[in-house]
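Structure, as structure tokens:
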Amino acid sequence: METPAPFFDQPGVQQIEIGIGPGIPLGIKQVSNPRLGLGGAYGAWGECYDNASLLELVERRLNGFLPEEDVIDPASLGFDYRHHIRTLSLQEHLEVELAVGEQLLRQAAQSCGWEMAEVQGVLIGSSGPVSDDYTVQIARRAGVPEQAWKVSMHKACDGSVGCLHIALNPELEANNRLGVNLAQELLGKKVLVGGIEGLSRFVEFSQDANALQLFGNGAGVIGVIPGETMQLLAGMTHEVFDQEGVLAVRMYYPHSGERHTDRSNVETSLAGSNHIRISGLMNEPADGRPVEMAGPMGMVKLFVRSGVDVVSQVYSAYRTLMDNNGTPDRNIAVAIAHHANLKINLLKEKYLQKAGIPLDMPWLLSEFGNISAASNMVAFLRGLPMMQPGDHIMVDGFGAGTYYDVLTTALRE
């Protein structure tokens with residue numbers, strides 16, 4: 001796999017400096033496909049580190065010592081660069097990420113040809129939000145109407161796909177927990193959906209070598225009109241609690257901390273009159289640090305088996321729908337999968353093909369590292385120019401907890 005240029009150096013990337021601390025570089029790229037009525041914006045912020053210079057940063061964060069056995073080969077996992085920022089105060093981190101969120105929302109709407117006053121929903125996935133009302137704050141700063149629906153989704157790397165799912169699927173259980181069915185509320189309306197992940201802040205105080213080498217900052221937001229530019233065909237959400245805590249993540253968001261064996265571990269609450277928070281229970285590191293994870297093979301075992309099962313069930317429901325619609329020859333054009341690491345995606349693709357499920361899962365995020373809930377949205381935008389009117393797309397999200405949202409959608413004819 002050829003090493004790409006760093007993201008900031010690529011064509012079409014707008015560079016902005018956020019005037020916090022020493023100045024934080026932010027790069028954003030807009031993408032649109034006018035034939036589909038879809039667009040969005042994605043980017044990263046902080047200094048760009050290639051795999052060699054990242055090791056030096058990791059060693060500094062581990063007090064100058066990284067055992068040889070803990071050094072991984074990020075290139076073999078599909079990652080060539082990561083974006084990190086230097087140590088800031090919590091208030092400075094907040095200001096940086098608010099500036100990032102505001103820019104992403106504005107530029108995503110602009111790529112769709114929308115005025116901010118037209119936006120009627122903002123749904124953001126975030127693993128470790130910098131504040132409880134982050135979604136509300138960035139929407140307000142970007143000029144989104146106060147009465148627009150806001151959703152803060154905290155299901156680790158599955159957050160942005162969970163947002164897209166709740167916006168498209170009126171049958172989803174989460175759409176019936178608070179007496180508000182968001183898919184019905186947002187039908188035919190202009191909605192911004194994405195993931196914004198300040199993972200440099202999140203993992204800064206981690207002593208986990210794997211996390212420090214894999215994660216980085218990144219964000220992606222797409223503009224959709226549910227039922228018009230994107231329509232649900234089949235979808236499924238699934239939970240398999242990570243009993244062993246293979247991927248333990250601190251919950252920087254409100255959650256009771258209770259595990260419910262007879263019902264969902266996801267808590268849905270009204271955080272305001274039109275702000276919904278969806279919080280997933282996590283195993284948390286015992287020492288209170290941000291994240292603790294097994295090695296890459298541990299991640300493979302955690303996500304592949306259940307991931308293949310969920311994708312298989314959604315694909316089966318899709319095939320049944322196509323047969324019932326009298327279009328048995330229709331198939332999925334492309335699957336946009338979370339980029340946890342390349343080995344997970346290749347192994348999942350291999351097992352699915354063995355089961356007779358022909359899905360193309362392209363690798364699209366070499367320049368960012370694992371950017372958690374942002375990765376599906378960035379991957380979608382990178383694939384968007386090649387998508388055709390009427391294409392059927394699968395979006396495959398999965399994250400620690402363990403949470404899965406997989407859905408097939410039809411793009412506008």
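How things are named: the first chain in the structure tokens is A, the next is B, and so on; residues count from 1 in each chain; ligands count from 1 in the order shown.
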
May I have all residues of range 160-339 of chain A that DSSP, computed from the backbone, assigns to strand (DSSP E or B), given as a PyMOL selection string?
chain A and resi 190-197+215+218-224+226+230-239+247-249+266-272+275-280+291-293+334-337

Could you please write out, as a ChimeraX atom specification, every residue of range 42-198 of chain A that DSSP assigns to alpha helix (DSSP H)?
/A:51-61,90-112,134-142,159-168,182-186

Filtering to C-alpha atoms, could you give me those residues as a PDB file, in the first residue's frame?
```
ATOM      1  CA  ASN A  51       5.080   6.572  12.344  1.00  0.00           C
ATOM      2  CA  ALA A  52       8.702   7.299  13.193  1.00  0.00           C
ATOM      3  CA  SER A  53       8.136  10.674  14.868  1.00  0.00           C
ATOM      4  CA  LEU A  54       5.066   9.334  16.640  1.00  0.00           C
ATOM      5  CA  LEU A  55       7.275   6.853  18.503  1.00  0.00           C
ATOM      6  CA  GLU A  56       9.223   9.771  19.956  1.00  0.00           C
ATOM      7  CA  LEU A  57       5.982  11.396  21.129  1.00  0.00           C
ATOM      8  CA  VAL A  58       4.779   8.130  22.654  1.00  0.00           C
ATOM      9  CA  GLU A  59       8.044   7.687  24.511  1.00  0.00           C
ATOM     10  CA  ARG A  60       7.756  11.191  25.973  1.00  0.00           C
ATOM     11  CA  ARG A  61       4.224  10.449  27.145  1.00  0.00           C
ATOM     12  CA  LEU A  90      -8.999  21.721  29.995  1.00  0.00           C
ATOM     13  CA  GLN A  91     -10.407  25.145  29.107  1.00  0.00           C
ATOM     14  CA  GLU A  92      -7.992  25.422  26.168  1.00  0.00           C
ATOM     15  CA  HIS A  93      -8.949  21.931  24.988  1.00  0.00           C
ATOM     16  CA  LEU A  94     -12.596  22.973  25.153  1.00  0.00           C
ATOM     17  CA  GLU A  95     -11.969  26.101  23.084  1.00  0.00           C
ATOM     18  CA  VAL A  96      -9.990  24.150  20.489  1.00  0.00           C
ATOM     19  CA  GLU A  97     -12.652  21.463  20.060  1.00  0.00           C
ATOM     20  CA  LEU A  98     -15.472  23.998  19.986  1.00  0.00           C
ATOM     21  CA  ALA A  99     -13.647  25.800  17.177  1.00  0.00           C
ATOM     22  CA  VAL A 100     -13.169  22.490  15.357  1.00  0.00           C
ATOM     23  CA  GLY A 101     -16.830  21.522  15.754  1.00  0.00           C
ATOM     24  CA  GLU A 102     -18.080  24.915  14.606  1.00  0.00           C
ATOM     25  CA  GLN A 103     -15.926  24.783  11.480  1.00  0.00           C
ATOM     26  CA  LEU A 104     -16.944  21.220  10.642  1.00  0.00           C
ATOM     27  CA  LEU A 105     -20.661  21.978  10.932  1.00  0.00           C
ATOM     28  CA  ARG A 106     -20.385  25.163   8.874  1.00  0.00           C
ATOM     29  CA  GLN A 107     -18.333  23.582   6.130  1.00  0.00           C
ATOM     30  CA  ALA A 108     -20.421  20.407   5.986  1.00  0.00           C
ATOM     31  CA  ALA A 109     -23.572  22.493   5.503  1.00  0.00           C
ATOM     32  CA  GLN A 110     -21.824  24.657   2.915  1.00  0.00           C
ATOM     33  CA  SER A 111     -20.768  21.582   0.930  1.00  0.00           C
ATOM     34  CA  CYS A 112     -24.475  20.656   0.677  1.00  0.00           C
ATOM     35  CA  TYR A 134     -20.572  19.767  23.346  1.00  0.00           C
ATOM     36  CA  THR A 135     -23.118  19.108  20.577  1.00  0.00           C
ATOM     37  CA  VAL A 136     -25.333  21.943  21.777  1.00  0.00           C
ATOM     38  CA  GLN A 137     -22.408  24.357  22.025  1.00  0.00           C
ATOM     39  CA  ILE A 138     -21.000  23.722  18.547  1.00  0.00           C
ATOM     40  CA  ALA A 139     -24.469  23.880  16.999  1.00  0.00           C
ATOM     41  CA  ARG A 140     -25.080  27.251  18.647  1.00  0.00           C
ATOM     42  CA  ARG A 141     -21.681  28.611  17.605  1.00  0.00           C
ATOM     43  CA  ALA A 142     -22.235  27.465  14.025  1.00  0.00           C
ATOM     44  CA  GLY A 159     -21.092   6.722  17.802  1.00  0.00           C
ATOM     45  CA  SER A 160     -21.473   8.324  14.374  1.00  0.00           C
ATOM     46  CA  VAL A 161     -23.093   5.257  12.786  1.00  0.00           C
ATOM     47  CA  GLY A 162     -25.421   5.104  15.787  1.00  0.00           C
ATOM     48  CA  CYS A 163     -26.350   8.718  14.986  1.00  0.00           C
ATOM     49  CA  LEU A 164     -27.048   7.926  11.344  1.00  0.00           C
ATOM     50  CA  HIS A 165     -29.070   4.875  12.342  1.00  0.00           C
ATOM     51  CA  ILE A 166     -31.310   6.735  14.783  1.00  0.00           C
ATOM     52  CA  ALA A 167     -31.918   9.420  12.144  1.00  0.00           C
ATOM     53  CA  LEU A 168     -33.015   6.876   9.510  1.00  0.00           C
ATOM     54  CA  LEU A 182     -36.169  11.103  15.873  1.00  0.00           C
ATOM     55  CA  ALA A 183     -36.415   9.295  12.543  1.00  0.00           C
ATOM     56  CA  GLN A 184     -39.988  10.527  12.230  1.00  0.00           C
ATOM     57  CA  GLU A 185     -39.082  14.008  13.490  1.00  0.00           C
ATOM     58  CA  LEU A 186     -36.194  14.362  11.030  1.00  0.00           C
TER      59      LEU A 186
END
```

Tell me, counting only C-alpha atoms, for each residue of range 300-358 of chain A within 7 Å of range 220-244 of chain A, which pair of atoms is nearest and how far apart they are in Å to one decimal, in rows ordered by chain and increasing number, as JSON lines.
```
{"residue": "A:Val314", "atom": "CA", "partner": "A:Gly235", "partner_atom": "CA", "distance": 5.9}
{"residue": "A:Ala317", "atom": "CA", "partner": "A:Ala234", "partner_atom": "CA", "distance": 6.2}
{"residue": "A:Tyr318", "atom": "CA", "partner": "A:Ala234", "partner_atom": "CA", "distance": 5.7}
```

Mind writing the picked residues with C-alpha atoms as a PDB file, in the first residue's frame?
```pdb
ATOM      1  CA  VAL A 314     -28.291  -7.216   7.998  1.00  0.00           C
ATOM      2  CA  ALA A 317     -32.478  -8.851   5.638  1.00  0.00           C
ATOM      3  CA  TYR A 318     -31.324  -6.752   2.679  1.00  0.00           C
TER       4      TYR A 318
END
```

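The neighbours of Phe8 in chain A here are the residues that come within 12 Å of it, using only C-alpha atoms and leaving out any residue fewer than 2 positions away in the same chain; they are A:Pro4, A:Ala5, A:Pro6, A:Gln10, A:Pro11, A:Gly12, A:Val13, A:Gln14, A:Gln15, A:Ile16, A:Pro25, A:Leu26, A:Gly27, A:Ile28, A:Lys29, A:Tyr42, A:Gly43, A:Ala44, A:Trp45, A:Gly46, A:Glu47, A:Cys48, A:Tyr49, A:Tyr81, A:Arg82, A:His83, A:Glu367, A:Phe368.
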
Take the residues that were just selected and, keeping C-alpha atoms, output them as a PDB file, in the first residue's frame.
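New file again.pdb:
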```
ATOM      1  CA  PRO A   4      -0.002   8.958   0.859  1.00  0.00           C
ATOM      2  CA  ALA A   5       1.017  12.551   1.453  1.00  0.00           C
ATOM      3  CA  PRO A   6       0.186  13.966   4.899  1.00  0.00           C
ATOM      4  CA  GLN A  10      -3.221  17.158   0.049  1.00  0.00           C
ATOM      5  CA  PRO A  11      -5.174  19.055  -2.644  1.00  0.00           C
ATOM      6  CA  GLY A  12      -8.364  20.762  -1.496  1.00  0.00           C
ATOM      7  CA  VAL A  13      -7.465  20.832   2.202  1.00  0.00           C
ATOM      8  CA  GLN A  14      -8.172  24.246   3.725  1.00  0.00           C
ATOM      9  CA  GLN A  15      -5.733  25.119   6.492  1.00  0.00           C
ATOM     10  CA  ILE A  16      -6.881  27.205   9.462  1.00  0.00           C
ATOM     11  CA  PRO A  25      -3.346  23.852  12.893  1.00  0.00           C
ATOM     12  CA  LEU A  26      -6.687  22.591  11.562  1.00  0.00           C
ATOM     13  CA  GLY A  27      -7.165  21.097   8.113  1.00  0.00           C
ATOM     14  CA  ILE A  28     -10.616  20.604   6.593  1.00  0.00           C
ATOM     15  CA  LYS A  29     -11.690  19.228   3.232  1.00  0.00           C
ATOM     16  CA  TYR A  42     -13.759  16.097   7.290  1.00  0.00           C
ATOM     17  CA  GLY A  43     -10.433  16.932   8.821  1.00  0.00           C
ATOM     18  CA  ALA A  44      -7.889  16.766  11.598  1.00  0.00           C
ATOM     19  CA  TRP A  45      -6.087  19.149  13.925  1.00  0.00           C
ATOM     20  CA  GLY A  46      -2.768  19.302  15.684  1.00  0.00           C
ATOM     21  CA  GLU A  47       0.738  18.461  14.556  1.00  0.00           C
ATOM     22  CA  CYS A  48       1.070  15.647  12.039  1.00  0.00           C
ATOM     23  CA  TYR A  49       3.304  12.746  13.103  1.00  0.00           C
ATOM     24  CA  TYR A  81       0.143   9.397  10.239  1.00  0.00           C
ATOM     25  CA  ARG A  82      -1.624  10.651  13.375  1.00  0.00           C
ATOM     26  CA  HIS A  83      -2.532  14.183  14.509  1.00  0.00           C
ATOM     27  CA  GLU A 367      -3.530   9.492   7.124  1.00  0.00           C
ATOM     28  CA  PHE A 368      -5.409   9.641  10.431  1.00  0.00           C
TER      29      PHE A 368
END
```

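Closest approach to Val304 in chain A among A:Glu349, A:Asp70, A:Glu171, A:Asp287: A:Glu349, based on only C-alpha atoms.
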
Length of the CA of Ile24 in chain A to CA of Phe202 in chain A vector [Å]:
16.6 Å

Using only C-alpha atoms, which residue out of A:Ile20, A:Ala148, A:Ala219, A:Val119 lies closest to His275 in chain A?
A:Ala148

From the list A:Leu365, A:Met322, A:Met251, A:Leu281, the nearest residue to Leu342 in chain A using only C-alpha atoms is A:Leu365

List every residue of range 267-310 of chain A that has an atom at most 12 Å from any atom of range 123-127 of chain A, giving for each one its closest atom pair and the distance in Å to one decimal, counting only C-alpha atoms, sorted by chain and then by ascending residue number, as a Markdown table.
```
| residue | atom | partner | partner_atom | distance |
| --- | --- | --- | --- | --- |
| A:Asn274 | CA | A:Leu123 | CA | 11.6 |
| A:His275 | CA | A:Leu123 | CA | 9.6 |
| A:Ile276 | CA | A:Leu123 | CA | 9.2 |
| A:Arg277 | CA | A:Leu123 | CA | 9.9 |
| A:Ile278 | CA | A:Gly125 | CA | 9.4 |
| A:Ser279 | CA | A:Ser127 | CA | 9.7 |
| A:Gly280 | CA | A:Ser127 | CA | 9.6 |
| A:Leu281 | CA | A:Ser127 | CA | 11.4 |
| A:Met282 | CA | A:Ser127 | CA | 10.5 |
| A:Pro290 | CA | A:Ser127 | CA | 10.6 |
| A:Val291 | CA | A:Ser127 | CA | 10.8 |
```

Got time to write the residues from that selection, N, CA and C atoms, as a PDB file, in the first residue's frame?
```
ATOM      1  N   ASN A 274     -34.568  19.739  23.720  1.00  0.00           N
ATOM      2  CA  ASN A 274     -34.372  19.148  22.394  1.00  0.00           C
ATOM      3  C   ASN A 274     -32.950  18.604  22.235  1.00  0.00           C
ATOM      4  N   HIS A 275     -32.363  18.164  23.352  1.00  0.00           N
ATOM      5  CA  HIS A 275     -31.032  17.560  23.344  1.00  0.00           C
ATOM      6  C   HIS A 275     -31.130  16.172  23.951  1.00  0.00           C
ATOM      7  N   ILE A 276     -30.852  15.165  23.153  1.00  0.00           N
ATOM      8  CA  ILE A 276     -30.917  13.774  23.595  1.00  0.00           C
ATOM      9  C   ILE A 276     -29.499  13.235  23.758  1.00  0.00           C
ATOM     10  N   ARG A 277     -29.236  12.595  24.883  1.00  0.00           N
ATOM     11  CA  ARG A 277     -27.951  11.960  25.119  1.00  0.00           C
ATOM     12  C   ARG A 277     -28.143  10.454  25.136  1.00  0.00           C
ATOM     13  N   ILE A 278     -27.317   9.749  24.387  1.00  0.00           N
ATOM     14  CA  ILE A 278     -27.347   8.288  24.345  1.00  0.00           C
ATOM     15  C   ILE A 278     -25.973   7.801  24.796  1.00  0.00           C
ATOM     16  N   SER A 279     -25.939   7.133  25.955  1.00  0.00           N
ATOM     17  CA  SER A 279     -24.681   6.798  26.617  1.00  0.00           C
ATOM     18  C   SER A 279     -24.530   5.291  26.766  1.00  0.00           C
ATOM     19  N   GLY A 280     -23.420   4.769  26.282  1.00  0.00           N
ATOM     20  CA  GLY A 280     -23.159   3.337  26.381  1.00  0.00           C
ATOM     21  C   GLY A 280     -22.256   3.010  27.554  1.00  0.00           C
ATOM     22  N   LEU A 281     -22.609   1.942  28.291  1.00  0.00           N
ATOM     23  CA  LEU A 281     -21.797   1.491  29.414  1.00  0.00           C
ATOM     24  C   LEU A 281     -20.477   0.918  28.910  1.00  0.00           C
ATOM     25  N   MET A 282     -19.386   1.250  29.589  1.00  0.00           N
ATOM     26  CA  MET A 282     -18.060   0.766  29.226  1.00  0.00           C
ATOM     27  C   MET A 282     -17.393   0.076  30.413  1.00  0.00           C
ATOM     28  N   PRO A 290      -7.528   7.004  30.897  1.00  0.00           N
ATOM     29  CA  PRO A 290      -8.534   7.095  29.830  1.00  0.00           C
ATOM     30  C   PRO A 290      -8.845   5.784  29.114  1.00  0.00           C
ATOM     31  N   VAL A 291      -7.822   4.985  28.803  1.00  0.00           N
ATOM     32  CA  VAL A 291      -8.078   3.797  27.983  1.00  0.00           C
ATOM     33  C   VAL A 291      -7.032   2.735  28.278  1.00  0.00           C
TER      34      VAL A 291
END
```

For Arg35 in chain A, find every residue with an atom within 10 Å (counting only C-alpha atoms), except residues of its own chain fewer than 4 positions away, and show them as a PyMOL selection string.
chain A and resi 229+385+387-389+411-413

Next, the residues of the selection above should be written as a compact mmCIF listing (two decimals), in the first residue's frame with C-alpha atoms.
```txt
# COMPACT_ATOMS: atom_id res chain seq x y z
CA THR A 229 -31.00 11.75 -0.09
CA PRO A 385 -17.40 11.04 -5.27
CA MET A 387 -21.04 6.73 -5.53
CA GLN A 388 -23.81 6.70 -8.12
CA PRO A 389 -27.50 7.69 -7.97
CA LEU A 411 -28.96 6.81 -2.15
CA ARG A 412 -31.20 9.17 -4.09
CA GLU A 413 -31.99 8.10 -7.65
```

From the list A:Ile85, A:Leu38, A:Leu321, A:Val130, the nearest residue to Tyr252 in chain A using only C-alpha atoms is A:Val130

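Distance annotation: of A:Gly245, A:Thr320, A:Leu270, A:Leu199, the residue with the minimal separation from Gly298 in chain A is A:Gly245; atom set is only C-alpha atoms.
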
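Minimum atom-to-atom distance to Val310 in chain A, evaluated using only C-alpha atoms, belongs to A:Leu352 out of A:Leu352, A:Leu247, A:Ala75, A:Val266.
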
For CA of Asn324 in chain A and CA of Asp309 in chain A, the interatomic separation in Å (one decimal)
22.7 Å
